[in-house]
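Asker: Would you mind keeping the following structure in view while I ask a few things?
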Amino acid sequence: MKFVDRVKWGARPPAHSFRPLVSKRVQGVVVHHSGVRNGPSGADAVRSFERYHMDTRGWDGIAYNWLVDASGNIYEGRGGGVSAAATKGWNAKSESVCFIGWGFEPVSDAAVAAIKSVIDDVQGRYGGKLWVKGHRDLAATTCPGDWLYDWLTSGAEVPVGDSSKIDYESIVAYLRALEDEVRGKPLSRWRRSRGEAVRVAQRHLSARGYAPGVADGIYGKRTAAAVSKFQTDQGWLKANGVIDWQTWSALFGA
Ligand SMILES: [Zn+2]
């Protein structure tokens, strides 16, 4: 089980930048299934959905915010804090997670544990107040399949074992590694910082209602301004627009 970010699965750049969600408008988490039986798995499946969603449907990127495969791997789709193209009428008000597979039949323990940990992570970013629904609650569709829907509506319990803990640990380890990077070298506009840590920080700023611009991993003027505003709002951080480790911790720890 691992966390696979957009860089690792080889996501294409969005056709148009993903629209940031406005935190206070976000109401829920929507669970989907791909509805494909015996289809491709893992990163191949994720890339093929992206191809279909972008090239055939003409969307800006893969439809979902998050995807989970049968082995319990979590894939960053559009990622957190941006509008998806998964649930008509609700994309600006929810984040979506898609199980890669067929939700009409029992889904593996590893996959339900991973779906639950994505739901918990999304909840954590919006203060734990979101509803969790299946796609069928919001549209005329059988998605996410009877089995997965029943699991969801009967409490979304994770089988005994520490599979969900493993998922969390990999996400935490991933953020920890980025934090170490920031600790060694703060992110800033004047330093022309680029890369994954910048992108993740931009996403979190968006998710928390700031406006750092497109999460493109480039530390520009809007990102610096959003960081300053965030620092000012915290009250105890120097509002210098630089992400040092204290700012990083405030951004990810709260
Ligand atoms: Zn769906």
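Residue numbering restarts at 1 for every chain of the structure tokens, chains are lettered A, B, ... in their displayed order, and ligands are numbered from 1 as they appear.
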Excluding Arg78 of chain A and any residue of its chain fewer than 4 positions from it, enumerate the residues within 10 Å of it, using only C-alpha atoms, and give them as a PDB file with N, CA and C atoms, in the first residue's frame.
Answerer:
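Printed below is result.pdb as written:
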```
ATOM      1  N   ASP A   5       1.536   9.972  -5.881  1.00  0.00           N
ATOM      2  CA  ASP A   5       1.123  11.319  -6.269  1.00  0.00           C
ATOM      3  C   ASP A   5       1.140  11.472  -7.794  1.00  0.00           C
ATOM      4  N   ARG A   6       0.696  12.602  -8.267  1.00  0.00           N
ATOM      5  CA  ARG A   6       0.549  12.819  -9.713  1.00  0.00           C
ATOM      6  C   ARG A   6       1.861  12.650 -10.469  1.00  0.00           C
ATOM      7  N   ALA A  11       0.904  11.893 -14.314  1.00  0.00           N
ATOM      8  CA  ALA A  11      -0.246  12.696 -14.752  1.00  0.00           C
ATOM      9  C   ALA A  11       0.180  13.724 -15.800  1.00  0.00           C
ATOM     10  N   PRO A  14      -2.889  19.668 -16.444  1.00  0.00           N
ATOM     11  CA  PRO A  14      -4.312  19.917 -16.728  1.00  0.00           C
ATOM     12  C   PRO A  14      -4.480  20.752 -18.005  1.00  0.00           C
ATOM     13  N   PHE A  18      -6.914  23.403 -12.578  1.00  0.00           N
ATOM     14  CA  PHE A  18      -8.044  22.958 -11.767  1.00  0.00           C
ATOM     15  C   PHE A  18      -8.514  24.117 -10.889  1.00  0.00           C
ATOM     16  N   ASP A  60     -10.664  18.754 -18.017  1.00  0.00           N
ATOM     17  CA  ASP A  60      -9.344  19.350 -17.764  1.00  0.00           C
ATOM     18  C   ASP A  60      -8.313  18.365 -17.234  1.00  0.00           C
ATOM     19  N   GLY A  61      -8.789  17.240 -16.736  1.00  0.00           N
ATOM     20  CA  GLY A  61      -7.873  16.245 -16.185  1.00  0.00           C
ATOM     21  C   GLY A  61      -8.686  15.037 -15.770  1.00  0.00           C
ATOM     22  N   ILE A  62      -8.062  14.129 -15.066  1.00  0.00           N
ATOM     23  CA  ILE A  62      -8.793  12.971 -14.550  1.00  0.00           C
ATOM     24  C   ILE A  62      -9.960  13.483 -13.691  1.00  0.00           C
ATOM     25  N   ALA A  63     -11.080  12.753 -13.734  1.00  0.00           N
ATOM     26  CA  ALA A  63     -12.296  13.286 -13.106  1.00  0.00           C
ATOM     27  C   ALA A  63     -12.216  13.407 -11.585  1.00  0.00           C
ATOM     28  N   TYR A  64     -11.547  12.452 -10.949  1.00  0.00           N
ATOM     29  CA  TYR A  64     -11.650  12.329  -9.493  1.00  0.00           C
ATOM     30  C   TYR A  64     -10.543  13.056  -8.732  1.00  0.00           C
ATOM     31  N   ASN A  65     -10.841  13.404  -7.484  1.00  0.00           N
ATOM     32  CA  ASN A  65      -9.795  13.971  -6.624  1.00  0.00           C
ATOM     33  C   ASN A  65      -8.824  12.885  -6.177  1.00  0.00           C
ATOM     34  N   TRP A  66      -9.359  11.684  -5.890  1.00  0.00           N
ATOM     35  CA  TRP A  66      -8.552  10.584  -5.359  1.00  0.00           C
ATOM     36  C   TRP A  66      -9.023   9.274  -5.966  1.00  0.00           C
ATOM     37  N   LEU A  67      -8.113   8.315  -6.091  1.00  0.00           N
ATOM     38  CA  LEU A  67      -8.490   6.978  -6.540  1.00  0.00           C
ATOM     39  C   LEU A  67      -7.819   5.956  -5.632  1.00  0.00           C
ATOM     40  N   VAL A  82      -9.351  21.000  -4.931  1.00  0.00           N
ATOM     41  CA  VAL A  82      -9.719  21.503  -6.257  1.00  0.00           C
ATOM     42  C   VAL A  82     -11.003  20.825  -6.724  1.00  0.00           C
ATOM     43  N   SER A  83     -11.672  21.495  -7.649  1.00  0.00           N
ATOM     44  CA  SER A  83     -12.933  20.996  -8.168  1.00  0.00           C
ATOM     45  C   SER A  83     -12.698  19.792  -9.084  1.00  0.00           C
ATOM     46  N   ALA A  84     -13.508  18.741  -8.896  1.00  0.00           N
ATOM     47  CA  ALA A  84     -13.395  17.533  -9.723  1.00  0.00           C
ATOM     48  C   ALA A  84     -14.377  17.620 -10.898  1.00  0.00           C
ATOM     49  N   ALA A  85     -14.484  16.541 -11.650  1.00  0.00           N
ATOM     50  CA  ALA A  85     -15.479  16.456 -12.722  1.00  0.00           C
ATOM     51  C   ALA A  85     -16.210  15.134 -12.562  1.00  0.00           C
ATOM     52  N   GLU A  95     -15.325  16.628  -2.455  1.00  0.00           N
ATOM     53  CA  GLU A  95     -14.170  15.933  -3.034  1.00  0.00           C
ATOM     54  C   GLU A  95     -14.644  14.515  -3.325  1.00  0.00           C
ATOM     55  N   SER A  96     -14.019  13.892  -4.321  1.00  0.00           N
ATOM     56  CA  SER A  96     -14.473  12.576  -4.747  1.00  0.00           C
ATOM     57  C   SER A  96     -13.352  11.559  -4.632  1.00  0.00           C
TER      58      SER A  96
END
```
Asker: List as a CSV table (one decimal) with C-alpha atoms, in the first residue's frame the protein and nucleic acid residues lying within 7 Å of ligand 1, with only C-alpha atoms and all ligand atoms counted.
Answerer:
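The new file selection_14.csv reads:
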```csv
chain,number,residue,atom,x,y,z
A,31,VAL,CA,-17.6,7.7,-3.3
A,32,HIS,CA,-17.5,6.3,-6.8
A,33,HIS,CA,-16.4,3.1,-8.5
A,86,ALA,CA,-16.9,13.4,-11.0
A,87,THR,CA,-20.4,14.3,-9.6
A,135,HIS,CA,-22.7,8.8,-6.2
A,143,CYS,CA,-22.4,3.9,-8.9
A,144,PRO,CA,-20.5,2.9,-6.6
```
Asker: Smallest atom-to-atom distance to Ser228 of chain A: which of A:Leu138, A:Val30, A:Leu205, A:Ala15, using only C-alpha atoms?
Answerer: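 Closest to Ser228 of chain A of all the choices is A:Leu205.
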Asker: Enumerate, in order of chain and increasing residue number, the residues of segment 90-164 of chain A with an atom no farther than 12 Å from segment 208-214 of chain A, each with its shortest atom pair and distance in Å to one decimal, counting only C-alpha atoms, as a tab-separated table.
Answerer:
```
residue	atom	partner	partner_atom	distance
A:Val122	CA	A:Arg208	CA	11.8
A:Gly124	CA	A:Arg208	CA	11.1
A:Arg125	CA	A:Arg208	CA	7.6
A:Tyr126	CA	A:Arg208	CA	7.9
A:Gly127	CA	A:Arg208	CA	10.2
```
Asker: According to DSSP computed on the backbone, where in segment 31-139 of chain A is there strand (DSSP E)? Give the residues as a PDB file with C-alpha atoms, in the first residue's frame.
Answerer:
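Here's the written file out_35.pdb:
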```
ATOM      1  CA  VAL A  31     -17.591   7.747  -3.282  1.00  0.00           C
ATOM      2  CA  HIS A  32     -17.533   6.282  -6.801  1.00  0.00           C
ATOM      3  CA  HIS A  33     -16.412   3.103  -8.487  1.00  0.00           C
ATOM      4  CA  TRP A  66      -8.552  10.584  -5.359  1.00  0.00           C
ATOM      5  CA  LEU A  67      -8.490   6.978  -6.540  1.00  0.00           C
ATOM      6  CA  VAL A  68      -7.930   3.730  -4.700  1.00  0.00           C
ATOM      7  CA  ILE A  74      -4.048   5.627  -3.008  1.00  0.00           C
ATOM      8  CA  TYR A  75      -3.586   7.739  -6.132  1.00  0.00           C
ATOM      9  CA  GLU A  76      -3.707  11.495  -6.193  1.00  0.00           C
ATOM     10  CA  SER A  94     -17.276  18.020  -2.595  1.00  0.00           C
ATOM     11  CA  GLU A  95     -14.170  15.933  -3.034  1.00  0.00           C
ATOM     12  CA  SER A  96     -14.473  12.576  -4.747  1.00  0.00           C
ATOM     13  CA  VAL A  97     -12.790   9.228  -4.303  1.00  0.00           C
ATOM     14  CA  CYS A  98     -13.073   6.470  -6.886  1.00  0.00           C
ATOM     15  CA  PHE A  99     -12.534   2.782  -6.275  1.00  0.00           C
ATOM     16  CA  TRP A 131     -21.297  14.148   4.845  1.00  0.00           C
ATOM     17  CA  VAL A 132     -20.174  11.016   2.993  1.00  0.00           C
ATOM     18  CA  LYS A 133     -22.382   9.733   0.185  1.00  0.00           C
ATOM     19  CA  GLY A 134     -22.329   7.346  -2.716  1.00  0.00           C
TER      20      GLY A 134
END
```
Asker: Would you mind reading off the distance between atom CA of Glu50 of chain A and atom CA of Gly101 of chain A, one decimal, in Å?
Answerer: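 Taking atom CA of Glu50 of chain A and atom CA of Gly101 of chain A, their separation equals 15.3 Å.
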Asker: Which value, in Å to one decimal, gives the distance between atom CA of Ser188 of chain A and atom CA of Ala224 of chain A?
Answerer: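 Going from atom CA of Ser188 of chain A over to atom CA of Ala224 of chain A, I get 7.1 Å.
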Asker: Can you pull out every residue from segment 38-105 of chain A that DSSP, working from the backbone, puts in helix (DSSP H, G or I), and format the result as a ChimeraX atom specification?
Answerer: /A:42-56
Asker: Suppose you want the space between atom CA of Arg192 of chain A and atom CA of Val242 of chain A; what is it in Å?
Answerer: 11.0 Å
Asker: Quick one: of A:Arg189, A:Arg199, A:Arg176, A:Arg25, who's nearest to Gly241 of chain A, counting only C-alpha atoms?
Answerer: A:Arg189
Asker: Just the residues within 12 Å of Lys129 of chain A, please, counting only C-alpha atoms, with nothing from its chain fewer than 6 positions along; format it as a list in words.
Answerer: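 Contacts, in chain order: Ser23, Lys24, Arg25, Val26, Gln27, Gly28, Val29, Ser94, Ile119, Asp120, Val122 and Gln123 of chain A.
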Asker: For the selection just defined, write its residues with C-alpha atoms to a file, as a compact mmCIF listing (two decimals), in the first residue's frame.
Answerer:
```
# COMPACT_ATOMS: atom_id res chain seq x y z
CA SER A 23 -13.45 25.61 1.76
CA LYS A 24 -16.61 26.92 3.31
CA ARG A 25 -18.72 25.70 0.38
CA VAL A 26 -17.46 22.13 0.61
CA GLN A 27 -20.14 19.88 2.09
CA GLY A 28 -19.17 16.30 1.48
CA VAL A 29 -17.17 13.40 0.14
CA SER A 94 -17.28 18.02 -2.60
CA ILE A 119 -12.36 10.00 3.56
CA ASP A 120 -10.74 10.69 6.93
CA VAL A 122 -10.59 14.87 3.42
CA GLN A 123 -12.66 15.25 6.60
```
Asker: Taking only C-alpha atoms into account, name the residue in A:Thr141, A:Arg12, A:Arg136, A:Ser249 that is nearest to Arg47 of chain A.
Answerer: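 Ranking A:Thr141, A:Arg12, A:Arg136, A:Ser249 by distance to Arg47 of chain A, first place goes to A:Arg12.
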Asker: Excluding same-chain residues fewer than 5 positions from segment 69-72 of chain A, what lies within 8 Å of it counting only C-alpha atoms, as a PDB file with C-alpha atoms, in the first residue's frame?
Answerer:
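Writing the result to selection31.pdb gives the following:
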```pdb
ATOM      1  CA  MET A   1       0.000   0.000   0.000  1.00  0.00           C
ATOM      2  CA  LYS A   2       1.344   3.311  -0.927  1.00  0.00           C
ATOM      3  CA  SER A  41      -5.117  -1.994 -12.517  1.00  0.00           C
ATOM      4  CA  GLY A  42      -2.797   0.336 -10.678  1.00  0.00           C
ATOM      5  CA  PHE A  99     -12.534   2.782  -6.275  1.00  0.00           C
ATOM      6  CA  ILE A 100     -10.818   1.342  -9.347  1.00  0.00           C
ATOM      7  CA  GLY A 101     -12.964  -1.710  -9.924  1.00  0.00           C
ATOM      8  CA  VAL A 107     -14.162  -5.055  -2.268  1.00  0.00           C
ATOM      9  CA  SER A 108     -10.850  -6.079  -0.669  1.00  0.00           C
ATOM     10  CA  ALA A 110      -7.081  -3.186   1.755  1.00  0.00           C
ATOM     11  CA  ALA A 111      -9.208  -1.135  -0.624  1.00  0.00           C
ATOM     12  CA  VAL A 112     -11.939  -0.281   1.895  1.00  0.00           C
ATOM     13  CA  ALA A 113      -9.265   0.655   4.435  1.00  0.00           C
ATOM     14  CA  ALA A 114      -7.688   2.955   1.856  1.00  0.00           C
ATOM     15  CA  ILE A 115     -11.044   4.497   0.891  1.00  0.00           C
ATOM     16  CA  ASP A 167      -1.862   3.972   4.470  1.00  0.00           C
TER      17      ASP A 167
END
```
